[in-house]
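What follows is the content of input_21.txt, which has compact mmCIF, C-alpha atoms:
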```txt
# COMPACT_ATOMS: atom_id res chain seq x y z
CA MET A 1 18.21 -16.58 18.68
CA THR A 2 14.44 -16.50 18.95
CA ALA A 3 12.06 -18.29 21.26
CA VAL A 4 10.64 -21.66 20.24
CA LEU A 5 7.17 -20.16 20.38
CA GLY A 6 6.88 -16.48 21.07
CA PRO A 7 6.34 -13.11 19.44
CA GLY A 8 7.39 -13.25 15.78
CA SER A 9 7.39 -17.06 15.56
CA PRO A 10 5.67 -18.55 12.52
CA VAL A 11 2.67 -20.82 13.12
CA GLU A 12 0.23 -22.54 10.77
CA VAL A 13 -3.53 -22.49 11.03
CA GLY A 14 -5.47 -25.43 9.66
CA SER A 15 -7.71 -28.28 10.66
CA LYS A 16 -7.17 -31.95 11.51
CA ARG A 17 -9.31 -32.95 8.50
CA SER A 18 -7.46 -30.94 5.88
CA THR A 19 -3.84 -30.67 4.81
CA ARG A 20 -4.33 -27.02 3.80
CA ARG A 21 -2.39 -24.68 6.07
CA THR A 22 -2.04 -20.91 6.26
CA ARG A 23 1.11 -19.41 7.75
CA LEU A 24 0.74 -16.62 10.30
CA GLY A 25 2.96 -14.87 12.80
CA VAL A 26 2.54 -14.89 16.57
CA THR A 27 1.88 -11.33 17.75
CA ALA A 28 2.08 -12.02 21.47
CA ILE A 29 1.37 -14.51 24.19
CA LEU A 30 -1.46 -13.29 26.39
CA LYS A 31 -2.65 -14.16 29.84
CA ILE A 32 -6.45 -14.01 29.86
CA GLY A 33 -7.60 -14.63 33.39
CA GLU A 34 -5.58 -17.73 34.25
CA THR A 35 -5.32 -19.02 30.66
CA LEU A 36 -2.30 -18.68 28.39
CA SER A 37 -3.38 -17.66 24.90
CA LEU A 38 -1.80 -16.69 21.63
CA LEU A 39 -2.67 -13.51 19.75
CA THR A 40 -2.47 -13.26 15.97
CA CYS A 41 -4.41 -11.60 13.15
CA GLY A 42 -8.04 -12.57 12.49
CA HIS A 43 -8.17 -12.14 8.70
CA GLY A 44 -5.74 -15.00 8.15
CA VAL A 45 -7.88 -17.55 10.00
CA PRO A 46 -10.26 -19.12 7.44
CA ARG A 47 -13.67 -20.37 8.55
CA GLY A 48 -13.56 -23.96 9.72
CA MET A 49 -9.87 -23.81 10.58
CA ARG A 50 -9.55 -23.74 14.33
CA ALA A 51 -6.29 -25.56 14.98
CA LEU A 52 -2.86 -24.00 15.23
CA PHE A 53 0.23 -26.05 14.41
CA ALA A 54 3.96 -25.50 14.75
CA PRO A 55 5.19 -25.21 11.13
CA GLY A 56 5.63 -28.58 9.45
CA THR A 57 4.22 -30.63 12.33
CA LYS A 58 0.93 -32.39 12.99
CA THR A 59 0.80 -31.43 16.65
CA VAL A 60 -1.99 -29.03 17.53
CA ILE A 61 -0.48 -26.39 19.82
CA ALA A 62 -3.52 -24.14 20.22
CA ARG A 63 -7.22 -23.93 19.42
CA LEU A 64 -9.18 -20.94 18.19
CA ASP A 65 -11.06 -19.33 21.03
CA ARG A 66 -12.26 -16.10 19.46
CA ASN A 67 -11.88 -14.37 16.11
CA LEU A 68 -12.65 -10.65 16.39
CA PHE A 69 -12.63 -10.44 12.58
CA ARG A 70 -16.04 -12.18 12.50
CA GLY A 71 -19.38 -10.49 13.17
CA ARG A 72 -20.83 -7.04 12.67
CA SER A 73 -18.99 -4.75 10.29
CA ALA A 74 -18.75 -1.87 12.77
CA GLN A 75 -17.22 -4.15 15.43
CA LEU A 76 -14.55 -5.87 13.33
CA ILE A 77 -10.95 -5.81 14.46
CA ASP A 78 -8.17 -7.85 12.91
CA ALA A 79 -7.33 -10.18 15.79
CA ALA A 80 -7.80 -13.79 16.81
CA VAL A 81 -7.10 -15.49 20.11
CA PHE A 82 -6.03 -19.15 20.32
CA ARG A 83 -6.00 -20.97 23.65
CA LEU A 84 -2.64 -22.69 24.11
CA LEU A 85 -2.83 -26.46 24.65
CA ALA A 86 -0.25 -28.48 26.61
CA PRO A 87 2.12 -28.94 23.60
CA GLY A 88 1.95 -25.21 22.92
CA ARG A 89 2.57 -24.27 26.53
CA LYS A 90 5.65 -26.50 26.43
CA LEU A 91 6.97 -24.65 23.39
CA VAL A 92 6.63 -21.22 24.96
CA ALA A 93 10.27 -20.94 25.88
CA HIS A 94 12.53 -18.04 26.59
CA THR A 95 16.11 -17.28 25.84
CA ASN A 96 18.03 -14.19 26.83
CA ASP A 97 20.34 -14.57 23.86
CA PHE A 98 19.04 -12.21 21.18
CA ASN A 99 22.47 -11.45 19.70
CA GLY A 100 22.48 -7.97 21.19
CA LEU A 101 18.99 -7.18 19.86
CA PRO A 102 16.19 -6.11 22.18
CA SER A 103 13.95 -8.99 23.25
CA PRO A 104 10.52 -9.24 21.57
CA TRP A 105 9.09 -10.32 24.92
CA THR A 106 7.52 -7.28 26.50
CA THR A 107 4.68 -6.30 28.78
CA LYS A 108 4.52 -2.78 27.35
CA LEU A 109 2.06 -1.47 24.76
CA VAL A 110 2.25 1.67 22.64
CA VAL A 111 -0.64 4.13 22.40
CA PRO A 112 -0.83 5.25 18.73
CA ASP A 113 -0.17 8.98 18.60
CA PRO A 114 0.49 11.66 15.95
CA GLY A 115 3.99 11.90 17.44
CA ASP A 116 4.71 8.44 15.97
CA GLN A 117 4.88 9.88 12.45
CA GLY A 118 8.33 9.31 10.98
CA GLU A 119 9.51 7.34 14.02
CA ALA A 120 11.33 4.02 13.68
CA VAL A 121 9.59 0.72 14.31
CA THR A 122 10.98 -2.80 14.57
CA ILE A 123 9.24 -5.62 12.72
CA PHE A 124 9.78 -9.33 13.34
CA PRO A 125 8.85 -11.06 10.05
CA SER A 126 7.29 -14.52 10.27
CA HIS A 127 7.16 -15.84 6.71
CA HIS A 128 10.14 -18.03 7.61
CA ALA A 129 11.45 -19.12 10.98
CA GLY A 130 14.47 -17.33 12.41
CA LEU A 131 14.37 -14.21 10.25
CA ALA A 132 16.15 -11.15 11.59
CA PRO A 133 14.02 -8.24 12.80
CA PHE A 134 14.28 -5.09 10.70
CA GLU A 135 13.58 -1.39 10.97
CA GLU A 136 10.99 0.71 9.15
CA PHE A 137 9.45 4.13 9.69
CA VAL A 138 5.85 5.11 10.40
CA LEU A 139 4.33 6.88 7.41
CA SER A 140 0.94 7.27 9.09
CA PHE A 141 -0.08 6.52 12.68
CA SER A 142 -3.73 6.41 11.60
CA ALA A 143 -4.58 5.26 8.09
CA SER A 144 -7.61 3.67 6.48
CA GLU A 145 -7.27 1.16 3.62
CA TYR A 146 -10.57 -0.07 2.22
CA ARG A 147 -9.03 -2.67 -0.10
CA LEU A 148 -7.35 -4.48 2.74
CA LEU A 149 -9.92 -5.50 5.35
CA ARG A 150 -13.67 -5.18 5.95
CA GLY A 151 -15.66 -2.76 8.08
CA ALA A 152 -14.09 -1.06 11.06
CA ALA A 153 -11.00 -3.25 10.74
CA SER A 154 -9.89 -1.23 7.70
CA SER A 155 -9.56 1.97 9.76
CA GLN A 156 -6.98 3.38 12.16
CA LEU A 157 -4.11 1.25 10.86
CA ILE A 158 -0.40 2.00 11.08
CA GLN A 159 1.06 2.54 7.62
CA VAL A 160 4.66 1.83 6.62
CA VAL A 161 6.33 1.33 3.26
CA ARG A 162 5.67 -2.17 1.86
CA CYS A 163 7.96 -4.50 3.78
CA THR A 164 5.83 -7.59 4.39
CA GLN A 165 4.86 -10.63 2.38
CA ARG A 166 2.56 -13.65 2.52
CA GLY A 167 3.12 -15.40 5.84
CA ASP A 168 3.81 -12.19 7.76
CA SER A 169 0.16 -11.64 8.78
CA GLY A 170 0.05 -11.35 12.55
CA ALA A 171 3.77 -10.55 12.79
CA PRO A 172 4.50 -8.03 15.55
CA MET A 173 5.69 -4.43 15.20
CA TYR A 174 7.38 -2.64 18.10
CA ARG A 175 8.57 0.80 19.03
CA ALA A 176 11.73 1.18 21.07
CA ARG A 177 11.49 2.90 24.45
CA LYS A 178 14.47 4.33 26.23
CA LEU A 179 15.12 2.92 29.68
CA PRO A 180 16.38 5.11 32.56
CA THR A 181 19.48 2.89 32.61
CA GLY A 182 20.37 4.01 29.07
CA GLY A 183 19.32 0.82 27.31
CA GLN A 184 16.27 0.19 25.19
CA GLU A 185 13.25 -2.05 25.44
CA LEU A 186 10.61 -2.80 22.86
CA ALA A 187 6.95 -1.98 23.37
CA LEU A 188 4.34 -3.76 21.26
CA TYR A 189 2.72 -1.43 18.73
CA GLY A 190 0.93 -3.39 16.00
CA LEU A 191 0.30 -6.65 14.20
CA CYS A 192 0.66 -7.13 10.46
CA SER A 193 -2.65 -6.95 8.62
CA GLY A 194 -1.30 -7.03 5.07
CA ALA A 195 -0.20 -4.86 2.18
CA VAL A 196 -1.82 -2.93 -0.65
CA GLY A 197 0.32 -1.53 -3.42
CA ARG A 198 3.48 0.03 -2.05
CA PHE A 199 2.35 0.13 1.59
CA SER A 200 2.06 -2.37 4.45
CA TYR A 201 -0.48 -1.95 7.24
CA PHE A 202 -0.47 -2.94 10.90
CA THR A 203 -3.40 -3.02 13.33
CA PRO A 204 -2.58 -1.34 16.67
CA VAL A 205 -2.52 -3.90 19.49
CA LEU A 206 -3.71 -1.63 22.33
CA PRO A 207 -7.35 -1.43 21.07
CA ILE A 208 -7.29 -5.22 20.64
CA ILE A 209 -6.29 -5.74 24.27
CA GLU A 210 -8.96 -3.25 25.40
CA ARG A 211 -11.59 -5.13 23.35
CA LEU A 212 -10.48 -8.49 24.74
CA ARG A 213 -10.82 -7.15 28.29
CA ARG A 214 -14.44 -6.24 27.52
CA VAL A 215 -15.20 -9.48 25.64
CA TYR A 216 -13.74 -11.82 28.28
CA GLY A 217 -14.54 -9.68 31.30
CA LYS A 218 -11.17 -10.70 32.72
CA LYS A 219 -7.70 -9.28 33.13
CA VAL A 220 -5.83 -9.48 29.81
CA TYR A 221 -2.14 -8.66 29.59
CA LEU A 222 1.00 -9.46 27.63
CA TRP A 223 2.66 -12.48 29.15
CA VAL A 224 6.42 -12.90 29.33
CA PRO A 225 8.26 -16.05 30.42
CA GLY A 226 9.27 -15.94 34.05
CA GLY A 227 7.10 -12.94 34.88
CA GLU A 228 3.47 -12.56 35.80
CA SER A 229 3.11 -8.83 35.16
CA MET B 1 -8.64 26.76 3.07
CA ARG B 2 -6.61 24.87 5.64
CA LYS B 3 -3.75 22.60 4.59
CA TYR B 4 -2.03 21.50 7.81
CA LEU B 5 -3.29 20.08 11.09
CA THR B 6 -1.83 19.96 14.56
CA ARG B 7 -1.75 16.70 16.52
CA THR B 8 -4.75 17.83 18.59
CA GLN B 9 -6.77 18.60 15.47
CA ALA B 10 -5.80 15.28 13.85
CA VAL B 11 -7.05 13.32 16.86
CA ALA B 12 -10.20 15.41 17.39
CA TRP B 13 -11.25 15.61 13.73
CA ARG B 14 -10.37 12.08 12.64
CA GLU B 15 -13.89 10.67 12.64
CA ARG B 16 -15.33 13.71 10.81
CA ILE B 17 -12.59 13.43 8.19
CA GLU B 18 -13.28 9.70 7.79
CA ALA B 19 -17.01 10.36 7.29
CA ALA B 20 -16.41 13.21 4.83
CA LEU B 21 -13.99 11.08 2.83
CA ALA B 22 -16.46 8.19 2.72
CA ARG B 23 -18.81 10.50 0.83
CA LYS B 24 -16.04 11.39 -1.64
CA ARG B 25 -14.72 7.85 -2.02
CA ASP B 26 -16.32 7.00 -5.36
CA THR B 27 -16.15 10.50 -6.82
CA TRP B 28 -12.44 10.84 -6.17
CA GLY B 29 -11.69 7.14 -6.73
CA ILE B 30 -9.81 6.76 -3.45
CA HIS B 31 -9.22 3.48 -1.65
CA GLY B 32 -7.74 4.80 1.55
CA TRP B 33 -6.31 7.77 3.39
CA GLY B 34 -4.08 8.63 6.30
CA PHE B 35 -2.34 11.41 8.17
CA VAL B 36 1.11 12.11 6.78
CA GLY B 37 3.90 14.47 7.81
CA LYS B 38 4.76 15.68 11.28
CA HIS B 39 3.08 17.88 13.88
CA PRO B 40 2.26 20.77 13.48
CA ARG B 41 2.25 20.17 9.72
CA LEU B 42 0.20 16.98 9.55
CA ARG B 43 -1.73 16.51 6.33
CA VAL B 44 -4.57 14.31 5.20
CA ALA B 45 -3.36 12.26 2.23
CA VAL B 46 -5.89 10.32 0.16
CA ARG B 47 -4.69 7.19 -1.60
CA VAL B 48 -5.42 6.45 -5.22
CA PRO B 49 -4.02 3.65 -7.42
CA GLN B 50 -2.23 6.15 -9.65
CA ARG B 51 -1.96 9.93 -9.85
CA LEU B 52 -3.60 10.46 -13.22
CA ILE B 53 -2.52 13.40 -15.38
CA ALA B 54 -6.16 14.18 -16.18
CA PRO B 55 -8.47 12.67 -13.57
CA THR B 56 -12.25 12.89 -14.11
CA THR B 57 -12.66 14.50 -10.68
CA ALA B 58 -9.45 15.56 -8.96
CA ALA B 59 -9.26 15.21 -5.18
CA GLY B 60 -9.11 18.69 -3.71
CA ALA B 61 -11.02 20.37 -0.90
CA LEU B 62 -12.66 18.32 1.81
CA LYS B 63 -15.43 20.00 3.77
CA PHE B 64 -16.79 18.91 7.13
CA ARG B 65 -18.39 20.48 10.14
CA TYR B 66 -16.96 20.39 13.63
CA ASP B 67 -17.36 22.13 16.98
CA GLY B 68 -20.97 23.31 16.86
CA GLY B 69 -21.32 23.33 13.09
CA ARG B 70 -18.16 25.26 12.21
CA LEU B 71 -17.30 24.52 8.57
CA ILE B 72 -13.75 23.33 8.01
CA THR B 73 -12.27 23.15 4.52
CA LEU B 74 -9.17 21.03 4.18
CA LYS B 75 -6.92 20.71 1.16
CA VAL B 76 -5.92 17.07 0.88
CA ALA B 77 -2.72 15.61 -0.52
CA VAL B 78 -2.87 12.75 -3.03
CA GLU B 79 -0.54 9.76 -2.89
CA ALA B 80 -0.33 6.86 -5.33
CA SER B 81 -0.42 3.32 -3.96
CA HIS B 82 0.23 1.63 -7.32
CA ALA B 83 -2.26 -1.01 -6.23
CA GLY B 84 -3.81 -2.28 -9.44
CA GLU B 85 -4.40 -0.52 -12.71
CA VAL B 86 -6.87 2.21 -13.50
CA LYS B 87 -9.04 1.32 -16.49
CA PRO B 88 -8.94 3.95 -19.23
```

Give the structure from this file in structure tokens form.
Amino acid sequence: MTAVLGPGSPVEVGSKRSTRRTRLGVTAILKIGETLSLLTCGHGVPRGMRALFAPGTKTVIARLDRNLFRGRSAQLIDAAVFRLLAPGRKLVAHTNDFNGLPSPWTTKLVVPDPGDQGEAVTIFPSHHAGLAPFEEFVLSFSASEYRLLRGAASSQLIQVVRCTQRGDSGAPMYRARKLPTGGQELALYGLCSGAVGRFSYFTPVLPIIERLRRVYGKKVYLWVPGGES
Amino acid sequence: MRKYLTRTQAVAWRERIEAALARKRDTWGIHGWGFVGKHPRLRVAVRVPQRLIAPTTAAGALKFRYDGGRLITLKVAVEASHAGEVKP
């Protein structure tokens, strides 16, 4: 069972004036200063569309605050931050019942490293609600794909075999970490940026968080329900 | 000519490799690249739509300078993405 609104949940970006919607996945819920925000990809947020909806509803749950995929080519990074509104904050719910699977709620981030090559990752697809997470393996911890995104955003991506489809943009990728108690927890690694040919690409989340800390000049961290760290 | 990289070399040389490949992008017809394999046998693999039997210019040796102008020659691997067709 997944959260009502949390990592891996599908959301739709659009505007109040138009019926056109684009489906994206929630990468994470962030705390920026004292504000709860939602992180997803930036390439999937068309110009003029600043509202985020729960799929199939007309209720605006969040508003675009910053799209890091706009601006100077050398500064681009595939990420967008939406500030959660009251209806969105209400939807951010937590359940401990993940049918034996590790919870996608985490405060931990992975530093991309050559040691990631060949290691397993867990992806929570978002093209439909309630899809089961699945496993893939890192083909490249640092890949560039010029057909996918523009400028700096097309570099230093995580490459896996093609396993994503339309509607998965922004969906989170995790690596499992062993706990001292013997169990496992997930640590956030990347967000889905798309696919070219037989490969899918994910943007590492750690550089996004570091950029957001500089942009906002505030503390930025992964928020989990019931915890402030 | 070097073929494999260690994890330290991959991290330290990444930007130089990216810049050198940008200069070869049109000549070799590549649309991306990445590190493949495992430490200490990491390789630079360039991505092309298809591995042609007789390419006009085959991807081969990549040259770049590092560490006070030391010339490094790297043999790259070629992987097909099957992203779009190559016009004859």

Could you produce a table of the residues of chain A lying within 6 Å of chain B, with the nearest pair of atoms per residue and their separation in Å rounded to one decimal, using all atoms listed in the file, ordered by chain and increasing residue number, as CSV?
```
residue,atom,partner,partner_atom,distance
A:Pro114,CA,B:Arg7,CA,5.5
A:Gln117,CA,B:Lys38,CA,5.9
A:Ser140,CA,B:Phe35,CA,5.4
A:Ser142,CA,B:Gly34,CA,5.8
A:Ala143,CA,B:Gly34,CA,3.8
A:Ser144,CA,B:Gly32,CA,5.1
A:Glu145,CA,B:Gly32,CA,4.2
A:Tyr146,CA,B:His31,CA,5.4
A:Val196,CA,B:Ala83,CA,5.9
A:Gly197,CA,B:Ala83,CA,3.9
A:Arg198,CA,B:Ser81,CA,5.4
```

Checklist entry - Counting all atoms listed in the file, which of A:Leu24, A:Cys192, A:Leu222, A:Val11 gets nearest to A:Asp78? => result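 Residue with the minimum atom-to-atom distance to A:Asp78: A:Cys192.
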
Item to check | Nearest to B:Trp28 by atom-to-atom distance, counting only C-alpha atoms, from B:Gly69, B:Ala58, B:Lys63, B:Val76 | outcome: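 That would be B:Ala58, the residue with the smallest distance to B:Trp28.
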
Checklist entry - Skipping near chain neighbours, those fewer than 5 positions away, what residues fall within 6 Å of stretch 3-8 of chain A using all atoms listed in the file, listed as a PyMOL selection string? => result chain A and resi 25-28+91-94+124+126+171-172

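A straight line drawn from atom CA of A:Ala187 to atom CA of A:Arg63 is 26.4 Å long.
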
Checklist entry - With all atoms listed in the file as the atoms that count, which of B:Thr73, B:Gln9, B:Gln50, B:Thr56 lies nearest to B:Asp26? => result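 Under the stated criterion, the closest residue is B:Thr56.
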
Next on the checklist: Counting only C-alpha atoms, which residues have an atom no more than 10 Å from (7.2, -6.4, 1.1) in the file's coordinates? Please list them as a count of residues only.
Outcome noted: 14

Next on the checklist: Quick one: residues within 7 Å of A:Tyr189, only C-alpha atoms, excluding same-chain residues fewer than 4 positions away - as a list in words?
Outcome noted: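 These residues fall inside the cut-off: Leu109, Val110, Met173, Tyr174, Arg175, Pro204 and Val205 of chain A.
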
Could you save those same residues with C-alpha atoms as a PDB file, keeping the file's coordinate frame?
```pdb
ATOM      1  CA  LEU A 109       2.060  -1.470  24.760  1.00  0.00           C
ATOM      2  CA  VAL A 110       2.250   1.670  22.640  1.00  0.00           C
ATOM      3  CA  MET A 173       5.690  -4.430  15.200  1.00  0.00           C
ATOM      4  CA  TYR A 174       7.380  -2.640  18.100  1.00  0.00           C
ATOM      5  CA  ARG A 175       8.570   0.800  19.030  1.00  0.00           C
ATOM      6  CA  PRO A 204      -2.580  -1.340  16.670  1.00  0.00           C
ATOM      7  CA  VAL A 205      -2.520  -3.900  19.490  1.00  0.00           C
TER       8      VAL A 205
END
```

Item to check | Pick from A:Ile158, A:Gln75, A:Gly183, A:Ala152 nearest to A:Arg211, counting all atoms listed in the file | outcome: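 So, comparing all the options, the nearest one is A:Gln75.
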
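Going from atom CA of A:Leu186 over to atom CA of A:Tyr201, you cover 19.2 Å.
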
Checklist entry - For the atom pair atom CA of A:Leu30 and atom CA of A:Ser169, what is the interatomic distance in Å to one decimal place? => result 17.8 Å

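For the set A:Asp113, A:Asp65, A:Glu119, A:Glu210, the residue with the smallest atom-to-atom gap to A:Phe141 is A:Asp113, counting all atoms listed in the file.
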
Checklist entry - Nearest to A:Asn67 among A:Ala120, A:Pro225, A:Leu212, A:Gln184, with distances taken over all atoms listed in the file: which residue is it? => result A:Leu212

Checklist entry - Quick one: residues within 9 Å of B:Tyr66, only C-alpha atoms counted, chain neighbours fewer than 5 positions away excluded, as number ranges by chain? => result B: 13, 16, 71-72

List as a tab-separated table (two decimals) with C-alpha atoms, in the frame of the given file: which residues have an atom within 6 Å of (-2.7, 11.8, -6.6), counting all atoms listed in the file?
```
chain	number	residue	atom	x	y	z
B	51	ARG	CA	-1.96	9.93	-9.85
B	78	VAL	CA	-2.87	12.75	-3.03
B	79	GLU	CA	-0.54	9.76	-2.89
B	80	ALA	CA	-0.33	6.86	-5.33
```

Next on the checklist: Please list as an NGL selection string every residue within 9 Å of stretch 37-51 of chain A, counting all atoms listed in the file and excluding residues in the same chain fewer than 2 positions away.
Outcome noted: :A and (6 or 12-16 or 18 or 21-32 or 35 or 53 or 60-70 or 77-85 or 149 or 169-172 or 191-193 or 203)

Box for stretch 6-19 of chain B - axis-aligned, 4 Å on each of the six sides, all listed atoms - centre and size in Å to one decimal, as JSON.
```
{"center_x": -9.4, "center_y": 14.8, "center_z": 12.9, "size_x": 23.3, "size_y": 18.3, "size_z": 19.3}
```

Pull stretch 201-213 of chain A out of the block and emit N, CA, C and O atoms, as an mmCIF file, in the first residue's frame.
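result22.cif written:
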```cif
data_model
loop_
_atom_site.group_PDB
_atom_site.id
_atom_site.type_symbol
_atom_site.label_atom_id
_atom_site.label_comp_id
_atom_site.auth_asym_id
_atom_site.auth_seq_id
_atom_site.Cartn_x
_atom_site.Cartn_y
_atom_site.Cartn_z
ATOM 1 N N TYR A 201 17.161 7.066 -18.135
ATOM 2 C CA TYR A 201 18.119 7.920 -17.426
ATOM 3 C C TYR A 201 17.461 8.578 -16.218
ATOM 4 O O TYR A 201 16.310 8.999 -16.280
ATOM 5 N N PHE A 202 18.237 8.672 -15.150
ATOM 6 C CA PHE A 202 17.773 9.290 -13.912
ATOM 7 C C PHE A 202 18.765 10.375 -13.497
ATOM 8 O O PHE A 202 19.979 10.179 -13.596
ATOM 9 N N THR A 203 18.233 11.514 -13.034
ATOM 10 C CA THR A 203 19.086 12.594 -12.532
ATOM 11 C C THR A 203 19.346 12.355 -11.048
ATOM 12 O O THR A 203 18.391 12.167 -10.278
ATOM 13 N N PRO A 204 20.616 12.365 -10.621
ATOM 14 C CA PRO A 204 20.896 12.164 -9.184
ATOM 15 C C PRO A 204 20.232 13.259 -8.340
ATOM 16 O O PRO A 204 20.223 14.427 -8.743
ATOM 17 N N VAL A 205 19.689 12.883 -7.198
ATOM 18 C CA VAL A 205 18.951 13.847 -6.369
ATOM 19 C C VAL A 205 19.887 14.681 -5.491
ATOM 20 O O VAL A 205 19.606 15.846 -5.218
ATOM 21 N N LEU A 206 21.023 14.101 -5.077
ATOM 22 C CA LEU A 206 21.904 14.837 -4.165
ATOM 23 C C LEU A 206 22.328 16.211 -4.718
ATOM 24 O O LEU A 206 22.221 17.216 -4.014
ATOM 25 N N PRO A 207 22.781 16.299 -5.994
ATOM 26 C CA PRO A 207 23.133 17.634 -6.515
ATOM 27 C C PRO A 207 21.937 18.591 -6.568
ATOM 28 O O PRO A 207 22.120 19.802 -6.456
ATOM 29 N N ILE A 208 20.740 18.040 -6.718
ATOM 30 C CA ILE A 208 19.533 18.884 -6.730
ATOM 31 C C ILE A 208 19.335 19.515 -5.349
ATOM 32 O O ILE A 208 19.088 20.713 -5.222
ATOM 33 N N ILE A 209 19.467 18.689 -4.322
ATOM 34 C CA ILE A 209 19.288 19.195 -2.951
ATOM 35 C C ILE A 209 20.360 20.244 -2.635
ATOM 36 O O ILE A 209 20.065 21.298 -2.044
ATOM 37 N N GLU A 210 21.596 19.968 -3.073
ATOM 38 C CA GLU A 210 22.684 20.946 -2.838
ATOM 39 C C GLU A 210 22.387 22.264 -3.548
ATOM 40 O O GLU A 210 22.619 23.342 -3.006
ATOM 41 N N ARG A 211 21.869 22.184 -4.780
ATOM 42 C CA ARG A 211 21.517 23.400 -5.521
ATOM 43 C C ARG A 211 20.387 24.154 -4.810
ATOM 44 O O ARG A 211 20.420 25.374 -4.698
ATOM 45 N N LEU A 212 19.383 23.414 -4.364
ATOM 46 C CA LEU A 212 18.244 24.065 -3.696
ATOM 47 C C LEU A 212 18.685 24.777 -2.425
ATOM 48 O O LEU A 212 18.173 25.846 -2.097
ATOM 49 N N ARG A 213 19.650 24.190 -1.727
ATOM 50 C CA ARG A 213 20.164 24.843 -0.506
ATOM 51 C C ARG A 213 20.789 26.193 -0.861
ATOM 52 O O ARG A 213 20.614 27.171 -0.145
#
```
